[in-house]
>>> print(open('my_file14.cif').read())   # mmCIF, N, CA and C atoms and all ligand atoms
data_model
#
loop_
_atom_site.label_atom_id
_atom_site.label_comp_id
_atom_site.auth_asym_id
_atom_site.auth_seq_id
_atom_site.Cartn_x
_atom_site.Cartn_y
_atom_site.Cartn_z
N MET A 1 26.64 218.79 111.05
CA MET A 1 27.64 219.67 110.41
C MET A 1 26.95 220.91 109.83
N PHE A 2 27.57 222.04 110.02
CA PHE A 2 26.95 223.27 109.55
C PHE A 2 27.59 223.77 108.26
N LYS A 3 26.78 224.39 107.45
CA LYS A 3 27.27 224.97 106.20
C LYS A 3 27.88 226.33 106.52
N CYS A 4 29.02 226.65 105.88
CA CYS A 4 29.67 227.93 106.10
C CYS A 4 28.74 229.05 105.62
N ASN A 5 28.56 230.04 106.48
CA ASN A 5 27.65 231.13 106.11
C ASN A 5 28.32 232.18 105.22
N TYR A 6 29.58 231.92 104.86
CA TYR A 6 30.29 232.86 103.97
C TYR A 6 30.41 232.28 102.56
N CYS A 7 30.97 231.05 102.46
CA CYS A 7 31.18 230.47 101.12
C CYS A 7 30.24 229.31 100.82
N GLY A 8 29.50 228.84 101.82
CA GLY A 8 28.54 227.76 101.58
C GLY A 8 29.13 226.36 101.63
N SER A 9 30.44 226.26 101.90
CA SER A 9 31.08 224.94 101.96
C SER A 9 30.53 224.14 103.15
N ARG A 10 30.47 222.82 102.97
CA ARG A 10 30.03 221.96 104.07
C ARG A 10 31.23 221.41 104.85
N ASN A 11 32.40 221.81 104.42
CA ASN A 11 33.63 221.33 105.04
C ASN A 11 33.95 222.20 106.28
N THR A 12 33.14 222.07 107.32
CA THR A 12 33.33 222.88 108.52
C THR A 12 33.56 221.97 109.71
N ARG A 13 34.29 222.49 110.68
CA ARG A 13 34.56 221.70 111.90
C ARG A 13 34.38 222.57 113.13
N LYS A 14 34.04 221.89 114.20
CA LYS A 14 33.85 222.58 115.48
C LYS A 14 35.19 223.19 115.93
N LEU A 15 35.13 224.44 116.35
CA LEU A 15 36.33 225.17 116.77
C LEU A 15 37.06 224.45 117.91
N SER A 16 36.30 223.99 118.91
CA SER A 16 36.92 223.36 120.08
C SER A 16 37.64 222.07 119.69
N ALA A 17 37.11 221.35 118.68
CA ALA A 17 37.75 220.11 118.24
C ALA A 17 39.07 220.42 117.54
N ILE A 18 39.09 221.48 116.71
CA ILE A 18 40.33 221.87 116.02
C ILE A 18 41.36 222.30 117.05
N TYR A 19 40.88 223.09 118.01
CA TYR A 19 41.78 223.61 119.05
C TYR A 19 42.45 222.47 119.83
N ASP A 20 41.64 221.51 120.27
CA ASP A 20 42.18 220.37 121.04
C ASP A 20 43.17 219.56 120.22
N GLU A 21 42.85 219.38 118.96
CA GLU A 21 43.69 218.59 118.08
C GLU A 21 45.05 219.26 117.85
N GLN A 22 45.07 220.61 117.82
CA GLN A 22 46.29 221.33 117.47
C GLN A 22 47.03 221.91 118.68
N THR A 23 46.63 221.44 119.86
CA THR A 23 47.29 221.89 121.08
C THR A 23 47.72 220.67 121.87
N SER A 24 48.95 220.67 122.35
CA SER A 24 49.35 219.58 123.24
C SER A 24 50.23 220.15 124.32
N ILE A 25 50.24 219.48 125.43
CA ILE A 25 51.02 219.94 126.58
C ILE A 25 52.05 218.87 126.90
N SER A 26 53.28 219.29 127.07
CA SER A 26 54.29 218.33 127.52
C SER A 26 54.99 218.89 128.74
N TYR A 27 55.63 218.01 129.45
CA TYR A 27 56.30 218.42 130.69
C TYR A 27 57.77 218.07 130.59
N GLU A 28 58.59 218.95 131.09
CA GLU A 28 60.01 218.62 131.16
C GLU A 28 60.51 218.97 132.54
N SER A 29 61.44 218.18 133.02
CA SER A 29 62.03 218.49 134.31
C SER A 29 63.50 218.11 134.24
N GLY A 30 64.27 218.70 135.08
CA GLY A 30 65.68 218.39 135.06
C GLY A 30 66.39 219.11 136.17
N THR A 31 67.69 219.08 136.12
CA THR A 31 68.49 219.73 137.16
C THR A 31 69.39 220.76 136.50
N ILE A 32 69.50 221.89 137.18
CA ILE A 32 70.43 222.91 136.71
C ILE A 32 71.58 222.93 137.72
N LYS A 33 72.79 222.90 137.21
CA LYS A 33 73.93 222.96 138.11
C LYS A 33 74.75 224.19 137.80
N GLY A 34 74.92 225.03 138.82
CA GLY A 34 75.80 226.18 138.65
C GLY A 34 77.00 225.97 139.54
N THR A 35 77.87 226.96 139.62
CA THR A 35 79.04 226.80 140.48
C THR A 35 78.63 226.81 141.94
N ASN A 36 77.64 227.66 142.30
CA ASN A 36 77.24 227.78 143.70
C ASN A 36 75.83 227.28 143.99
N PHE A 37 75.16 226.82 142.98
CA PHE A 37 73.79 226.38 143.24
C PHE A 37 73.47 225.13 142.42
N ARG A 38 72.40 224.52 142.83
CA ARG A 38 71.92 223.34 142.14
C ARG A 38 70.41 223.35 142.34
N GLY A 39 69.66 223.25 141.27
CA GLY A 39 68.21 223.29 141.44
C GLY A 39 67.49 222.42 140.44
N ARG A 40 66.29 222.08 140.80
CA ARG A 40 65.46 221.29 139.89
C ARG A 40 64.47 222.23 139.23
N PHE A 41 64.09 221.92 138.01
CA PHE A 41 63.04 222.72 137.39
C PHE A 41 61.99 221.80 136.78
N ASN A 42 60.77 222.28 136.78
CA ASN A 42 59.66 221.57 136.15
C ASN A 42 58.95 222.57 135.26
N ASN A 43 58.89 222.29 134.00
CA ASN A 43 58.21 223.21 133.09
C ASN A 43 57.05 222.52 132.40
N GLN A 44 56.02 223.31 132.18
CA GLN A 44 54.90 222.83 131.39
C GLN A 44 55.01 223.55 130.06
N ILE A 45 55.10 222.80 129.00
CA ILE A 45 55.25 223.43 127.68
C ILE A 45 53.99 223.20 126.86
N ILE A 46 53.42 224.29 126.39
CA ILE A 46 52.23 224.19 125.55
C ILE A 46 52.65 224.30 124.09
N HIS A 47 52.37 223.27 123.34
CA HIS A 47 52.68 223.29 121.91
C HIS A 47 51.40 223.63 121.16
N GLN A 48 51.48 224.64 120.35
CA GLN A 48 50.29 225.05 119.61
C GLN A 48 50.66 225.44 118.20
N THR A 49 49.79 225.15 117.29
CA THR A 49 49.98 225.62 115.92
C THR A 49 49.49 227.07 115.89
N ASN A 50 49.85 227.79 114.84
CA ASN A 50 49.36 229.17 114.70
C ASN A 50 47.85 229.21 114.67
N LEU A 51 47.26 228.23 114.01
CA LEU A 51 45.80 228.18 113.93
C LEU A 51 45.19 228.04 115.32
N ALA A 52 45.75 227.15 116.13
CA ALA A 52 45.24 226.95 117.49
C ALA A 52 45.32 228.24 118.29
N ARG A 53 46.43 228.98 118.11
CA ARG A 53 46.58 230.25 118.82
C ARG A 53 45.50 231.24 118.38
N GLN A 54 45.23 231.26 117.08
CA GLN A 54 44.23 232.20 116.54
C GLN A 54 42.82 231.90 117.05
N ILE A 55 42.51 230.62 117.19
CA ILE A 55 41.13 230.27 117.56
C ILE A 55 41.01 229.90 119.03
N ALA A 56 42.02 230.25 119.83
CA ALA A 56 42.02 229.89 121.25
C ALA A 56 40.76 230.42 121.95
N PRO A 57 40.25 229.67 122.93
CA PRO A 57 39.08 230.13 123.67
C PRO A 57 39.43 231.36 124.50
N PRO A 58 38.42 232.14 124.90
CA PRO A 58 38.69 233.30 125.77
C PRO A 58 39.31 232.82 127.07
N THR A 59 40.18 233.64 127.65
CA THR A 59 40.81 233.22 128.91
C THR A 59 39.94 233.64 130.10
N PHE A 60 39.95 232.80 131.10
CA PHE A 60 39.17 233.04 132.31
C PHE A 60 39.72 234.26 133.03
N PRO A 61 38.85 235.22 133.39
CA PRO A 61 39.35 236.44 134.02
C PRO A 61 40.05 236.18 135.36
N GLN A 62 41.23 236.75 135.49
CA GLN A 62 42.01 236.60 136.72
C GLN A 62 41.92 237.90 137.51
N GLY A 63 41.73 237.80 138.78
CA GLY A 63 41.73 238.98 139.62
C GLY A 63 43.15 239.47 139.86
N ARG A 64 43.27 240.63 140.48
CA ARG A 64 44.60 241.17 140.75
C ARG A 64 44.81 241.41 142.25
N LYS A 65 44.16 240.57 143.05
CA LYS A 65 44.22 240.76 144.51
C LYS A 65 45.64 240.72 145.05
N LEU A 66 46.40 239.74 144.58
CA LEU A 66 47.78 239.59 145.07
C LEU A 66 48.61 240.83 144.73
N GLU A 67 48.45 241.28 143.48
CA GLU A 67 49.16 242.49 143.02
C GLU A 67 48.85 243.68 143.94
N ILE A 68 47.57 243.85 144.28
CA ILE A 68 47.11 244.96 145.12
C ILE A 68 47.77 244.89 146.50
N ILE A 69 47.78 243.68 147.07
CA ILE A 69 48.37 243.50 148.40
C ILE A 69 49.88 243.77 148.35
N VAL A 70 50.54 243.29 147.28
CA VAL A 70 51.99 243.51 147.14
C VAL A 70 52.29 245.01 147.05
N ILE A 71 51.50 245.75 146.27
CA ILE A 71 51.70 247.21 146.15
C ILE A 71 51.51 247.89 147.50
N ALA A 72 50.43 247.50 148.23
CA ALA A 72 50.14 248.11 149.53
C ALA A 72 51.27 247.84 150.53
N VAL A 73 51.72 246.59 150.59
CA VAL A 73 52.78 246.23 151.54
C VAL A 73 54.08 246.96 151.18
N THR A 74 54.42 246.98 149.89
CA THR A 74 55.65 247.66 149.44
C THR A 74 55.59 249.15 149.80
N SER A 75 54.46 249.80 149.50
CA SER A 75 54.31 251.23 149.80
C SER A 75 54.45 251.47 151.30
N PHE A 76 53.83 250.56 152.09
CA PHE A 76 53.89 250.71 153.53
C PHE A 76 55.33 250.60 154.03
N VAL A 77 56.07 249.62 153.52
CA VAL A 77 57.46 249.43 153.94
C VAL A 77 58.31 250.65 153.59
N VAL A 78 58.10 251.21 152.40
CA VAL A 78 58.84 252.42 151.99
C VAL A 78 58.50 253.57 152.95
N ALA A 79 57.19 253.75 153.24
CA ALA A 79 56.75 254.81 154.15
C ALA A 79 57.31 254.58 155.55
N LEU A 80 57.36 253.31 155.96
CA LEU A 80 57.90 252.96 157.28
C LEU A 80 59.37 253.38 157.39
N ILE A 81 60.14 253.10 156.36
CA ILE A 81 61.56 253.48 156.36
C ILE A 81 61.71 255.00 156.43
N ILE A 82 60.89 255.71 155.63
CA ILE A 82 60.93 257.19 155.64
C ILE A 82 60.51 257.71 157.01
N ALA A 83 59.45 257.11 157.59
CA ALA A 83 58.95 257.53 158.90
C ALA A 83 60.00 257.36 159.99
N ILE A 84 60.72 256.22 159.94
CA ILE A 84 61.78 255.97 160.92
C ILE A 84 62.90 257.01 160.74
N PHE A 85 63.22 257.24 159.48
CA PHE A 85 64.28 258.19 159.14
C PHE A 85 63.94 259.61 159.61
N LEU A 86 62.65 259.97 159.46
CA LEU A 86 62.20 261.33 159.85
C LEU A 86 61.70 261.40 161.30
N HIS A 87 61.69 260.27 161.99
CA HIS A 87 61.12 260.17 163.34
C HIS A 87 59.69 260.70 163.37
N SER A 88 58.91 260.31 162.36
CA SER A 88 57.54 260.83 162.25
C SER A 88 56.51 259.74 162.54
N ALA A 89 55.86 259.86 163.71
CA ALA A 89 54.82 258.90 164.07
C ALA A 89 53.57 259.11 163.23
N ILE A 90 53.29 260.35 162.89
CA ILE A 90 52.10 260.67 162.09
C ILE A 90 52.19 260.02 160.71
N LEU A 91 53.37 260.13 160.11
CA LEU A 91 53.57 259.51 158.79
C LEU A 91 53.38 258.00 158.87
N LEU A 92 53.86 257.41 159.94
CA LEU A 92 53.74 255.96 160.14
C LEU A 92 52.27 255.55 160.23
N VAL A 93 51.50 256.26 161.05
CA VAL A 93 50.08 255.97 161.22
C VAL A 93 49.34 256.19 159.90
N ALA A 94 49.65 257.31 159.23
CA ALA A 94 49.00 257.61 157.96
C ALA A 94 49.30 256.53 156.92
N ALA A 95 50.54 256.06 156.88
CA ALA A 95 50.93 255.03 155.92
C ALA A 95 50.21 253.72 156.22
N PHE A 96 50.08 253.40 157.50
CA PHE A 96 49.41 252.17 157.92
C PHE A 96 47.96 252.15 157.47
N TYR A 97 47.22 253.23 157.84
CA TYR A 97 45.80 253.28 157.46
C TYR A 97 45.64 253.46 155.95
N GLY A 98 46.57 254.18 155.35
CA GLY A 98 46.54 254.35 153.89
C GLY A 98 46.65 253.02 153.17
N ALA A 99 47.58 252.18 153.65
CA ALA A 99 47.79 250.87 153.03
C ALA A 99 46.55 249.99 153.20
N ILE A 100 45.93 250.04 154.38
CA ILE A 100 44.72 249.25 154.63
C ILE A 100 43.57 249.73 153.74
N ALA A 101 43.40 251.06 153.67
CA ALA A 101 42.34 251.63 152.83
C ALA A 101 42.56 251.27 151.37
N PHE A 102 43.81 251.33 150.91
CA PHE A 102 44.14 250.98 149.53
C PHE A 102 43.77 249.52 149.25
N CYS A 103 44.08 248.63 150.19
CA CYS A 103 43.76 247.20 150.04
C CYS A 103 42.25 246.97 149.94
N ILE A 104 41.51 247.57 150.88
CA ILE A 104 40.06 247.37 150.91
C ILE A 104 39.42 247.89 149.62
N TYR A 105 39.78 249.12 149.24
CA TYR A 105 39.23 249.70 148.03
C TYR A 105 39.63 248.90 146.79
N GLY A 106 40.92 248.57 146.72
CA GLY A 106 41.45 247.85 145.57
C GLY A 106 40.79 246.49 145.39
N ILE A 107 40.64 245.76 146.49
CA ILE A 107 40.06 244.42 146.42
C ILE A 107 38.58 244.49 146.08
N TYR A 108 37.89 245.48 146.63
CA TYR A 108 36.47 245.68 146.31
C TYR A 108 36.30 245.97 144.82
N LYS A 109 37.12 246.88 144.29
CA LYS A 109 37.06 247.26 142.88
C LYS A 109 37.39 246.06 142.00
N ASP A 110 38.41 245.31 142.40
CA ASP A 110 38.84 244.13 141.65
C ASP A 110 37.72 243.09 141.62
N PHE A 111 37.06 242.91 142.76
CA PHE A 111 35.96 241.96 142.89
C PHE A 111 34.85 242.28 141.89
N ARG A 112 34.51 243.58 141.81
CA ARG A 112 33.45 244.01 140.87
C ARG A 112 33.88 243.85 139.42
N GLU A 113 35.13 244.19 139.13
CA GLU A 113 35.64 244.05 137.76
C GLU A 113 35.67 242.59 137.32
N VAL A 114 36.10 241.72 138.23
CA VAL A 114 36.18 240.30 137.91
C VAL A 114 34.77 239.73 137.68
N ALA A 115 33.81 240.16 138.52
CA ALA A 115 32.43 239.70 138.37
C ALA A 115 31.89 240.09 136.99
N GLU A 116 32.18 241.31 136.56
CA GLU A 116 31.74 241.80 135.25
C GLU A 116 32.44 241.02 134.14
N ALA A 117 33.75 240.82 134.30
CA ALA A 117 34.55 240.10 133.30
C ALA A 117 34.09 238.64 133.18
N LYS A 118 33.64 238.05 134.29
CA LYS A 118 33.17 236.66 134.26
C LYS A 118 31.89 236.51 133.45
N LYS A 119 31.02 237.53 133.54
CA LYS A 119 29.78 237.50 132.75
C LYS A 119 30.11 237.52 131.27
N ILE A 120 31.03 238.40 130.89
CA ILE A 120 31.44 238.52 129.48
C ILE A 120 32.12 237.22 129.03
N TYR A 121 32.96 236.69 129.94
CA TYR A 121 33.67 235.45 129.64
C TYR A 121 32.66 234.32 129.38
N GLN A 122 31.64 234.22 130.25
CA GLN A 122 30.64 233.16 130.13
C GLN A 122 29.95 233.20 128.77
N LYS A 123 29.61 234.43 128.33
CA LYS A 123 28.94 234.61 127.04
C LYS A 123 29.88 234.18 125.91
N ARG A 124 31.14 234.62 126.00
CA ARG A 124 32.11 234.31 124.94
C ARG A 124 32.45 232.82 124.87
N ILE A 125 32.58 232.19 126.05
CA ILE A 125 32.96 230.77 126.04
C ILE A 125 31.79 229.93 125.50
N ASN A 126 30.56 230.34 125.82
CA ASN A 126 29.39 229.63 125.28
C ASN A 126 29.37 229.74 123.76
N GLU A 127 29.66 230.93 123.25
CA GLU A 127 29.72 231.15 121.80
C GLU A 127 30.85 230.33 121.18
N TRP A 128 31.98 230.31 121.90
CA TRP A 128 33.15 229.58 121.39
C TRP A 128 32.82 228.10 121.20
N TYR A 129 32.13 227.51 122.18
CA TYR A 129 31.77 226.09 122.07
C TYR A 129 30.78 225.82 120.95
N LYS A 130 30.05 226.86 120.52
CA LYS A 130 29.08 226.67 119.44
C LYS A 130 29.66 227.09 118.09
N SER A 131 30.95 227.51 118.12
CA SER A 131 31.55 228.03 116.89
C SER A 131 32.15 226.94 116.01
N TYR A 132 32.09 227.21 114.70
CA TYR A 132 32.63 226.30 113.69
C TYR A 132 33.58 227.09 112.81
N ARG A 133 34.52 226.36 112.20
CA ARG A 133 35.44 227.00 111.28
C ARG A 133 35.35 226.30 109.95
N CYS A 134 35.26 227.11 108.92
CA CYS A 134 35.18 226.57 107.56
C CYS A 134 36.59 226.23 107.11
N SER A 135 36.82 224.97 106.71
CA SER A 135 38.16 224.55 106.27
C SER A 135 38.45 225.08 104.87
N HIS A 136 37.41 225.51 104.18
CA HIS A 136 37.58 226.01 102.82
C HIS A 136 38.03 227.47 102.81
N CYS A 137 37.33 228.34 103.57
CA CYS A 137 37.67 229.77 103.51
C CYS A 137 38.18 230.33 104.84
N GLY A 138 38.15 229.54 105.90
CA GLY A 138 38.68 230.01 107.19
C GLY A 138 37.71 230.83 108.01
N ASN A 139 36.51 231.02 107.50
CA ASN A 139 35.49 231.78 108.22
C ASN A 139 35.10 231.07 109.53
N VAL A 140 35.00 231.83 110.59
CA VAL A 140 34.55 231.28 111.87
C VAL A 140 33.16 231.80 112.13
N PHE A 141 32.25 230.92 112.46
CA PHE A 141 30.86 231.35 112.66
C PHE A 141 30.21 230.49 113.73
N ILE A 142 29.11 231.00 114.27
CA ILE A 142 28.37 230.25 115.27
C ILE A 142 27.37 229.35 114.56
N GLY A 143 27.44 228.05 114.86
CA GLY A 143 26.54 227.10 114.20
C GLY A 143 25.10 227.34 114.63
N GLN A 144 24.24 227.51 113.67
CA GLN A 144 22.82 227.75 113.98
C GLN A 144 22.04 226.47 113.68
N GLN A 145 21.22 226.10 114.64
CA GLN A 145 20.34 224.94 114.41
C GLN A 145 19.22 225.37 113.48
N ARG A 146 18.91 224.53 112.51
CA ARG A 146 17.76 224.91 111.67
C ARG A 146 16.90 223.68 111.42
ZN ZN A 201 33.65 229.07 104.02
#
>>> encode(input="my_file14.cif", output="structure tokens")
Amino acid sequence: MFKCNYCGSRNTRKLSAIYDEQTSISYESGTIKGTNFRGRFNNQIIHQTNLARQIAPPTFPQGRKLEIIVIAVTSFVVALIIAIFLHSAILLVAAFYGAIAFCIYGIYKDFREVAEAKKIYQKRINEWYKSYRCSHCGNVFIGQQR
């Protein structure tokens, strides 16, 4: 157990233990009936105290590859409709290669950003696992071995 580096209290607990204790996940499922439809739903509900939310671990960086592809495809479809409307083969070709170039560049950039974000995440998550919270004053600190 580590002494709080702010108030000196020995009443400190590991952050990850507090987080686990104050977070729970439940599942609900059921059927929705409308006049013209009927569907099943499955929800995952995360129950958290305010404290758990405050001390939550850093989130794992998510890439935006899908978003990039959706934007490229949508732009291409819009350009395709305009090209058909204008009878423009050049616009169609330009839109096609433009969409491909956008995807390649976007995914490459995303790949580099995610790689950088993962390094930062790794550092933060390591710190998070070594962090303690003082129950007396609420100070969060990294436990130092001495
Ligand atoms: Zn303290």
>>> closest_atom_pairs(input="my_file14.cif", of="chain A", to="ligand ZN 201 (chain A)", cutoff="6 Å", atoms="all atoms listed in the file", output="Markdown table")
| residue | atom | partner | partner_atom | distance |
| --- | --- | --- | --- | --- |
| A:Cys4 | CA | A:ZN201 | ZN | 4.6 |
| A:Asn5 | N | A:ZN201 | ZN | 5.7 |
| A:Tyr6 | C | A:ZN201 | ZN | 4.8 |
| A:Cys7 | N | A:ZN201 | ZN | 3.7 |
| A:Gly8 | N | A:ZN201 | ZN | 4.7 |
| A:Ser9 | N | A:ZN201 | ZN | 4.8 |
| A:Cys134 | CA | A:ZN201 | ZN | 4.6 |
| A:Ser135 | N | A:ZN201 | ZN | 5.8 |
| A:His136 | C | A:ZN201 | ZN | 4.8 |
| A:Cys137 | N | A:ZN201 | ZN | 3.8 |
| A:Gly138 | N | A:ZN201 | ZN | 4.9 |
| A:Asn139 | N | A:ZN201 | ZN | 4.9 |
>>> closest_residue(input="my_file14.cif", among="A:Ser29, A:Gln54, A:Ser75, A:Thr35", to="Ala99 of chain A", atoms="only N, CA and C atoms")
A:Ser75
>>> closest_residue(input="my_file14.cif", among="A:Ile45, A:Ala72, A:Leu80, A:Val114", to="Gly98 of chain A", atoms="all atoms listed in the file")
A:Ala72
>>> residues_around(input="my_file14.cif", residues="Arg53 of chain A", least_positions_apart="5", cutoff="9 Å", atoms="only C-alpha atoms", output="ChimeraX atom specification")
/A:19,23,48
>>> closest_residue(input="my_file14.cif", among="A:Asn43, A:Asn126, A:Thr74, A:Ser88", to="Ile25 of chain A", atoms="only C-alpha atoms")
A:Asn43
>>> residues_near_point(input="my_file14.cif", point="(45.1, 248.4, 148.3)", cutoff="8 Å", atoms="all atoms listed in the file", output="PyMOL selection string")
chain A and resi 67-73+98-108
>>> closest_residue(input="my_file14.cif", among="A:Leu66, A:Val78, A:Gly30, A:Ile55", to="Leu15 of chain A", atoms="only N, CA and C atoms")
A:Ile55
>>> atom_distance(input="my_file14.cif", atom1="atom CA of Ile46 of chain A", atom2="atom CA of Asn11 of chain A")
27.8 Å
>>> closest_residue(input="my_file14.cif", among="A:Phe2, A:Phe41, A:Tyr132, A:Phe60", to="Ala117 of chain A", atoms="only C-alpha atoms")
A:Phe60
>>> closest_residue(input="my_file14.cif", among="A:Gly34, A:Gln22, A:Asp110, A:Leu91", to="Lys65 of chain A", atoms="only N, CA and C atoms")
A:Asp110
